[in-house]
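What follows is one structure encoded as structure tokens, with my remarks underneath.
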Amino acid sequence: MRSDLQSAPLSLKIAAAAGLLFLHLPILLIFVYAFTTEEKSYQWPPPGFTTQWLAVTWNRPDVWQALGLSVQVGAISTAIALVLGTLCAAAVSGSKFFGRETISLLVILPIALPGIITGIALRSAFSLAEIPFSMWTIILGHATFCVVVVYNNAVARFRRVSGSLVEASMDLDANGFQTFRYCILPNIGTALVAGGMLAFALSFDEVIVTTFTAGQQQTLPIWMLEELVRPRQRPVTNVVAMVVVLVTLLPILAAYYLTRDGDQIAGSGK
Amino acid sequence: MTAADVAHRVGAKGAILPDRGGLWGHLSDTFWRRPKLLLFLMLAPPVLWLGIVYLGSLFALLLQSFFSIDEFSGMINRQFTLKTYADLLQPSNIDIILRTVVMAAVVTLASVVVAFPIAYYAARYARGKWKALFYLGIMLPLWSSYLVKIYAWKLILAKEGILTWFFEKVHLMWLVDAWLSLPIVGGNSLSFSFTGTFIVFVYVWLPFMILPVQASLERVPANLVEASSDLGATPAQTFRNVLFPLALPGIVAGSIFTFSLTLGDYIIPQIIGNSQLFIGMAVYAHQGTAGNIPLAAAFTVVPIVVMGFYLWGAKRMGAFDAL
């Protein structure tokens, strides 16, 4: 397409590379610190390397408990968000109706407004309605802002599923449910999986809203926050930080590969 | 599909084909004849959820900002009053609001400066494999754990950490010390100063700026830039008169995120920074130990109002098309 493609000016190359390094070096540093022998400070360069903290972390029941709660909350919130987000996306992309814009705004609002507002709003609502804190109060908050992730992915894909496909299916005497099962679902499937993974990653990492809706319970991010504010055993925090990076990395990569091919066909459907 | 189209089909169907049998068949036919019913059934769960859980509690929160707290008993007095808003306008609280808004503005400006070269390179020069690499290179930090990112900076900015080590190696430690001895931006060490808070804010929100700027730059045809230089413009002039105006909607779109997220954050300034309060920290402190929910609620109105104006201005500049 472009035979005249010049290479970038050196200053631009340097600025872009420096920017990317700025984004990535701090995360890489976490991997080094997970193996340091230093216990009391954040000394650099590390005086020595050891893997003993992996074992210590493995045997910590509080870490496992927090991890368990995080996974449960993430899974249930993702499931709720998948149902609500897909329904909403199907409705918004399938037809034009009065208030359509309002509904997309309503879905986006929970992440457009600062998380602290969602958090304190939920907390004050719980206290007004006298709902005690439980895993379900955390889920209530998480599902609310996870809907938008699923919605965004699903809406983008629904736009590409052409209406004639659905009509053809109906003409061939499939009923609405069969059409959904055999025509629509295979087409939006990967977008839903990608949306679900991102929703899970979002929930797994969320701390601002959670501090308001968790009460005394500890999700993994709350556990980390606690350690950040009042460090007890720094090497264990280092290891947990590394594990969290790895655990969130995989769904993101998977989501990228699942939506990548679809995006290349994006223009062809229109 | 238009209503006439639907009516035509329903009519044709009714005339030629018999109804389908079975419960699912009936249901399917009903939905086909009445698309509104299907639409309603699809919309009801998400709208009810978001309406009740989210808007409901948001409304309850705003309502509480019109209650007041009894200073002696600490009980919340559930009567309409503007007293809490009067409390909000005390000088110390105004300080908190100003500090947060200024920080949000400075963080936004710095994010633009750092994000622009990355976005421009990714949009104009990166192709094929490099394009994918750039995309992942922005998405991975965006989605990595927020707390881990802050923790990484705690490691970096610590007195015994890598940054001090680096500056000592290049014999520039005096520069850091001089900077830290300045008023306002300085402090005991980098991790206990506004400079540290600022760096971490920029770091954590940077991907939110890169993505929309890149999206807006993707839409600038390369030959526009070439035409500009053919007509004798220096690169600086091309940037000022061609690239920047075209990227502006993207920059404004990105700034919505950086601005809004900085306004509401309370964890970064709590972990990295001196102990001076930001809006988020004030909200957290008032609702927590102090138990003054009305004042906390009134505080949250500030970001809502600021963001309201911001979004209104952004919409007028066409920033939403760049999202």
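Within each chain, counting starts at residue 1; across the structure tokens, chains are named A, B, ... in the order shown, with ligands numbered 1 upward in that order.
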**Message:** So that I can see what lies close to region 86-92 of chain B, please list as a VMD selection string the residues with an atom at most 9 Å from it, counting only C-alpha atoms and leaving out residues fewer than 5 positions away in the same chain.
**Reply:** chain B and resid 97 295 298 to 299
Quick one: write out the picked residues with N, CA and C atoms as a JSON list (two decimals), in the first residue's frame?
[["chain", "number", "residue", "atom", "x", "y", "z"],
["B", 97, "ILE", "N", -9.70, 19.93, 47.72],
["B", 97, "ILE", "CA", -10.29, 19.88, 46.37],
["B", 97, "ILE", "C", -9.32, 20.46, 45.35],
["B", 295, "LEU", "N", -20.84, 14.13, 55.00],
["B", 295, "LEU", "CA", -19.74, 14.91, 54.44],
["B", 295, "LEU", "C", -19.01, 14.12, 53.35],
["B", 298, "ALA", "N", -21.04, 14.44, 50.33],
["B", 298, "ALA", "CA", -20.90, 15.76, 49.72],
["B", 298, "ALA", "C", -19.58, 15.86, 48.97],
["B", 299, "PHE", "N", -18.54, 15.23, 49.53],
["B", 299, "PHE", "CA", -17.23, 15.24, 48.85],
["B", 299, "PHE", "C", -17.30, 14.53, 47.50]]
**Prompt:** Could you pull out the alpha helix (DSSP H) residues of region 52-269 of chain A from DSSP and send them as number ranges by chain?
**Reply:** A: 52-58, 61-94, 100-112, 115-129, 135-158, 163-171, 176-179, 185-205, 208-213, 220-229, 234-264
Listing only residues of region 35-153 of chain A within 12 Å of region 301-316 of chain B, what is the closest atom pair and its distance in Å (to one decimal) for each, using only C-alpha atoms, sorted by chain and residue number ascending, as a Markdown table?
| residue | atom | partner | partner_atom | distance |
| --- | --- | --- | --- | --- |
| A:Leu109 | CA | B:Ile304 | CA | 11.1 |
| A:Ala112 | CA | B:Met307 | CA | 9.2 |
| A:Leu113 | CA | B:Ile304 | CA | 7.2 |
| A:Pro114 | CA | B:Pro303 | CA | 7.8 |
| A:Gly115 | CA | B:Pro303 | CA | 11.0 |
| A:Ile116 | CA | B:Pro303 | CA | 10.1 |
| A:Ile117 | CA | B:Ile304 | CA | 8.5 |
| A:Thr118 | CA | B:Ile304 | CA | 11.2 |
| A:Ile120 | CA | B:Val301 | CA | 11.6 |
| A:Ala121 | CA | B:Val301 | CA | 11.2 |
Given the selection you just returned, output its residues as a file containing N, CA and C atoms, formatted as a compact mmCIF listing (two decimals), in the first residue's frame.
# COMPACT_ATOMS: atom_id res chain seq x y z
N LEU A 109 -21.60 4.07 32.78
CA LEU A 109 -21.45 4.94 33.95
C LEU A 109 -20.62 4.34 35.09
N ALA A 112 -17.16 5.00 34.22
CA ALA A 112 -16.83 6.38 33.85
C ALA A 112 -16.68 7.24 35.10
N LEU A 113 -17.50 6.97 36.11
CA LEU A 113 -17.36 7.72 37.36
C LEU A 113 -16.27 7.05 38.20
N PRO A 114 -15.52 7.85 38.99
CA PRO A 114 -14.47 7.25 39.81
C PRO A 114 -15.00 6.11 40.68
N GLY A 115 -14.17 5.07 40.83
CA GLY A 115 -14.59 3.89 41.58
C GLY A 115 -15.02 4.18 43.00
N ILE A 116 -14.41 5.21 43.59
CA ILE A 116 -14.73 5.51 44.98
C ILE A 116 -16.19 5.91 45.13
N ILE A 117 -16.76 6.49 44.08
CA ILE A 117 -18.17 6.89 44.14
C ILE A 117 -19.05 5.66 44.14
N THR A 118 -18.76 4.71 43.22
CA THR A 118 -19.50 3.45 43.22
C THR A 118 -19.37 2.79 44.59
N ILE A 120 -18.59 3.97 47.69
CA ILE A 120 -19.26 4.56 48.85
C ILE A 120 -20.77 4.57 48.66
N ALA A 121 -21.23 4.67 47.40
CA ALA A 121 -22.67 4.62 47.14
C ALA A 121 -23.21 3.27 47.57
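Near chain A, counting only C-alpha atoms at 6 Å, the chain B residues are Ser28, Leu39, Met42, Leu43, Pro46, Ser57, Leu58, Leu61, Pro117, Ile118, Ser145, Val148, Ala152, Leu155, Glu160, Gly161, Ile162, Leu261 and Gly264 of chain B.
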Export of the given selection (N, CA and C atoms) as a PDB file, in the first residue's frame:
ATOM      1  N   SER B  28     -41.170 -18.787  20.358  1.00  0.00           N
ATOM      2  CA  SER B  28     -40.401 -18.207  19.263  1.00  0.00           C
ATOM      3  C   SER B  28     -41.308 -17.399  18.343  1.00  0.00           C
ATOM      4  N   LEU B  39     -37.630  -7.494  23.124  1.00  0.00           N
ATOM      5  CA  LEU B  39     -36.738  -6.411  23.506  1.00  0.00           C
ATOM      6  C   LEU B  39     -36.891  -6.111  24.993  1.00  0.00           C
ATOM      7  N   MET B  42     -35.342  -8.769  27.082  1.00  0.00           N
ATOM      8  CA  MET B  42     -33.880  -8.734  27.056  1.00  0.00           C
ATOM      9  C   MET B  42     -33.330  -7.587  27.888  1.00  0.00           C
ATOM     10  N   LEU B  43     -34.041  -6.467  27.838  1.00  0.00           N
ATOM     11  CA  LEU B  43     -33.529  -5.284  28.518  1.00  0.00           C
ATOM     12  C   LEU B  43     -33.811  -5.290  30.012  1.00  0.00           C
ATOM     13  N   PRO B  46     -30.730  -6.439  32.707  1.00  0.00           N
ATOM     14  CA  PRO B  46     -29.628  -5.494  32.921  1.00  0.00           C
ATOM     15  C   PRO B  46     -30.085  -4.131  33.424  1.00  0.00           C
ATOM     16  N   SER B  57     -28.239   3.126  44.552  1.00  0.00           N
ATOM     17  CA  SER B  57     -27.327   3.486  45.641  1.00  0.00           C
ATOM     18  C   SER B  57     -26.681   4.849  45.401  1.00  0.00           C
ATOM     19  N   LEU B  58     -26.507   5.202  44.121  1.00  0.00           N
ATOM     20  CA  LEU B  58     -25.961   6.529  43.825  1.00  0.00           C
ATOM     21  C   LEU B  58     -26.928   7.607  44.314  1.00  0.00           C
ATOM     22  N   LEU B  61     -26.894   7.902  47.980  1.00  0.00           N
ATOM     23  CA  LEU B  61     -25.699   8.624  48.425  1.00  0.00           C
ATOM     24  C   LEU B  61     -25.913  10.130  48.316  1.00  0.00           C
ATOM     25  N   PRO B 117       4.260  10.335  21.677  1.00  0.00           N
ATOM     26  CA  PRO B 117       5.222   9.647  20.796  1.00  0.00           C
ATOM     27  C   PRO B 117       4.905   8.165  20.620  1.00  0.00           C
ATOM     28  N   ILE B 118       4.491   7.500  21.710  1.00  0.00           N
ATOM     29  CA  ILE B 118       4.168   6.075  21.606  1.00  0.00           C
ATOM     30  C   ILE B 118       2.996   5.887  20.656  1.00  0.00           C
ATOM     31  N   SER B 145      -2.273  -5.816  37.229  1.00  0.00           N
ATOM     32  CA  SER B 145      -2.853  -5.461  38.516  1.00  0.00           C
ATOM     33  C   SER B 145      -2.445  -4.052  38.956  1.00  0.00           C
ATOM     34  N   VAL B 148      -0.277  -4.125  42.099  1.00  0.00           N
ATOM     35  CA  VAL B 148       1.090  -4.575  41.828  1.00  0.00           C
ATOM     36  C   VAL B 148       1.888  -3.431  41.211  1.00  0.00           C
ATOM     37  N   ALA B 152       5.209  -1.970  42.705  1.00  0.00           N
ATOM     38  CA  ALA B 152       6.467  -1.879  41.955  1.00  0.00           C
ATOM     39  C   ALA B 152       7.097  -0.502  42.165  1.00  0.00           C
ATOM     40  N   LEU B 155       8.780  -0.123  45.439  1.00  0.00           N
ATOM     41  CA  LEU B 155      10.123  -0.712  45.386  1.00  0.00           C
ATOM     42  C   LEU B 155      11.098   0.247  44.717  1.00  0.00           C
ATOM     43  N   GLU B 160      16.290   2.927  49.546  1.00  0.00           N
ATOM     44  CA  GLU B 160      17.351   1.965  49.241  1.00  0.00           C
ATOM     45  C   GLU B 160      17.103   1.316  47.878  1.00  0.00           C
ATOM     46  N   GLY B 161      16.133   1.860  47.124  1.00  0.00           N
ATOM     47  CA  GLY B 161      15.688   1.201  45.895  1.00  0.00           C
ATOM     48  C   GLY B 161      16.535   1.495  44.673  1.00  0.00           C
ATOM     49  N   ILE B 162      16.008   1.082  43.536  1.00  0.00           N
ATOM     50  CA  ILE B 162      16.783   1.080  42.295  1.00  0.00           C
ATOM     51  C   ILE B 162      17.065   2.491  41.779  1.00  0.00           C
ATOM     52  N   LEU B 261      -9.953   9.402  36.804  1.00  0.00           N
ATOM     53  CA  LEU B 261      -9.340   8.394  37.664  1.00  0.00           C
ATOM     54  C   LEU B 261      -8.491   9.042  38.747  1.00  0.00           C
ATOM     55  N   GLY B 264     -10.643  10.486  41.639  1.00  0.00           N
ATOM     56  CA  GLY B 264     -11.295   9.582  42.568  1.00  0.00           C
ATOM     57  C   GLY B 264     -10.356   8.648  43.304  1.00  0.00           C
TER      58      GLY B 264
END
**Item:** Neighbour list for region 249-256 of chain B as a ChimeraX atom specification, cut-off 12 Å, only C-alpha atoms, skip fewer than 5 positions in-chain
**Value:** /A:111-114 /B:104-116,119-120,202,205-220,243-244,261-263,303,306-323
**Request:** Rank nothing, just name the residue among B:Leu140, B:Leu41, B:Ile96, B:Met173 nearest to Val204 (chain B), using only C-alpha atoms.
**Result:**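 Nearest candidate to Val204 (chain B) out of B:Leu140, B:Leu41, B:Ile96, B:Met173: B:Leu140.
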**Request:** Name all residues at most 6 Å from Ile138 (chain A) (count only C-alpha atoms; drop same-chain ones fewer than 3 positions away) and give them as number ranges by chain.
**Result:** A: 135, 141, 213-214
I need the residues from that last selection saved to file as a compact mmCIF listing (two decimals), in the first residue's frame (with N, CA and C atoms), if you can.
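File produced: out-v1.txt:
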# COMPACT_ATOMS: atom_id res chain seq x y z
N MET A 135 -19.94 -12.27 50.97
CA MET A 135 -19.37 -12.41 49.64
C MET A 135 -20.30 -11.77 48.61
N GLY A 141 -21.20 -5.41 43.78
CA GLY A 141 -20.40 -4.32 43.24
C GLY A 141 -19.62 -4.73 41.99
N THR A 213 -17.14 -2.63 50.06
CA THR A 213 -18.21 -3.61 50.09
C THR A 213 -17.79 -4.91 50.77
N ALA A 214 -16.53 -4.99 51.25
CA ALA A 214 -16.05 -6.28 51.75
C ALA A 214 -16.23 -6.44 53.26
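Computed from the coordinates, the CA of Phe49 (chain A) to CA of Val32 (chain A) distance equals 8.7 Å.
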**Request:** To one decimal in Å, tell me the separation between CA of Leu224 (chain B) and CA of Phe257 (chain B).
**Result:** 28.9 Å
**Request:** Pick out the residues sitting within 9 Å of Val161 (chain A), and hand them over as a PyMOL selection string; count only C-alpha atoms, and ignore anything fewer than 2 positions along from it in its own chain.
**Result:** chain A and resi 157-159+163-166+184+187-188+269
Output of the above residues as a compact mmCIF listing (two decimals), in the first residue's frame, restricted to N, CA and C atoms:
# COMPACT_ATOMS: atom_id res chain seq x y z
N ARG A 157 -19.13 -7.28 18.44
CA ARG A 157 -19.29 -8.46 17.62
C ARG A 157 -20.69 -8.54 17.00
N PHE A 158 -21.71 -8.18 17.77
CA PHE A 158 -23.08 -8.22 17.26
C PHE A 158 -23.20 -7.37 16.00
N ARG A 159 -22.47 -6.26 15.97
CA ARG A 159 -22.52 -5.37 14.82
C ARG A 159 -22.07 -6.10 13.56
N GLY A 163 -27.49 -9.35 9.65
CA GLY A 163 -28.90 -9.67 9.86
C GLY A 163 -29.40 -10.71 8.88
N SER A 164 -28.79 -10.76 7.69
CA SER A 164 -29.28 -11.71 6.69
C SER A 164 -29.05 -13.15 7.13
N LEU A 165 -28.01 -13.35 7.96
CA LEU A 165 -27.73 -14.68 8.47
C LEU A 165 -28.90 -15.18 9.32
N VAL A 166 -29.37 -14.29 10.19
CA VAL A 166 -30.49 -14.63 11.07
C VAL A 166 -31.73 -14.89 10.23
N ILE A 184 -26.28 -17.52 16.02
CA ILE A 184 -25.74 -16.34 16.69
C ILE A 184 -24.63 -16.72 17.65
N ASN A 187 -21.18 -17.31 16.40
CA ASN A 187 -20.58 -16.09 15.90
C ASN A 187 -20.08 -15.17 17.01
N ILE A 188 -20.84 -15.12 18.12
CA ILE A 188 -20.43 -14.20 19.18
C ILE A 188 -19.63 -14.91 20.26
N GLY A 269 -17.32 -6.67 6.74
CA GLY A 269 -18.75 -6.88 6.94
C GLY A 269 -19.58 -5.65 6.61
**Request:** Based on DSSP run over this structure's backbone, return all residues of region 46-111 of chain B in strand (DSSP E), as a count of residues only.
**Result:** 4
**Asked** What is the CA of Trp53 (chain A) to CA of Phe200 (chain A) distance in Å?
**Response** 27.2 Å
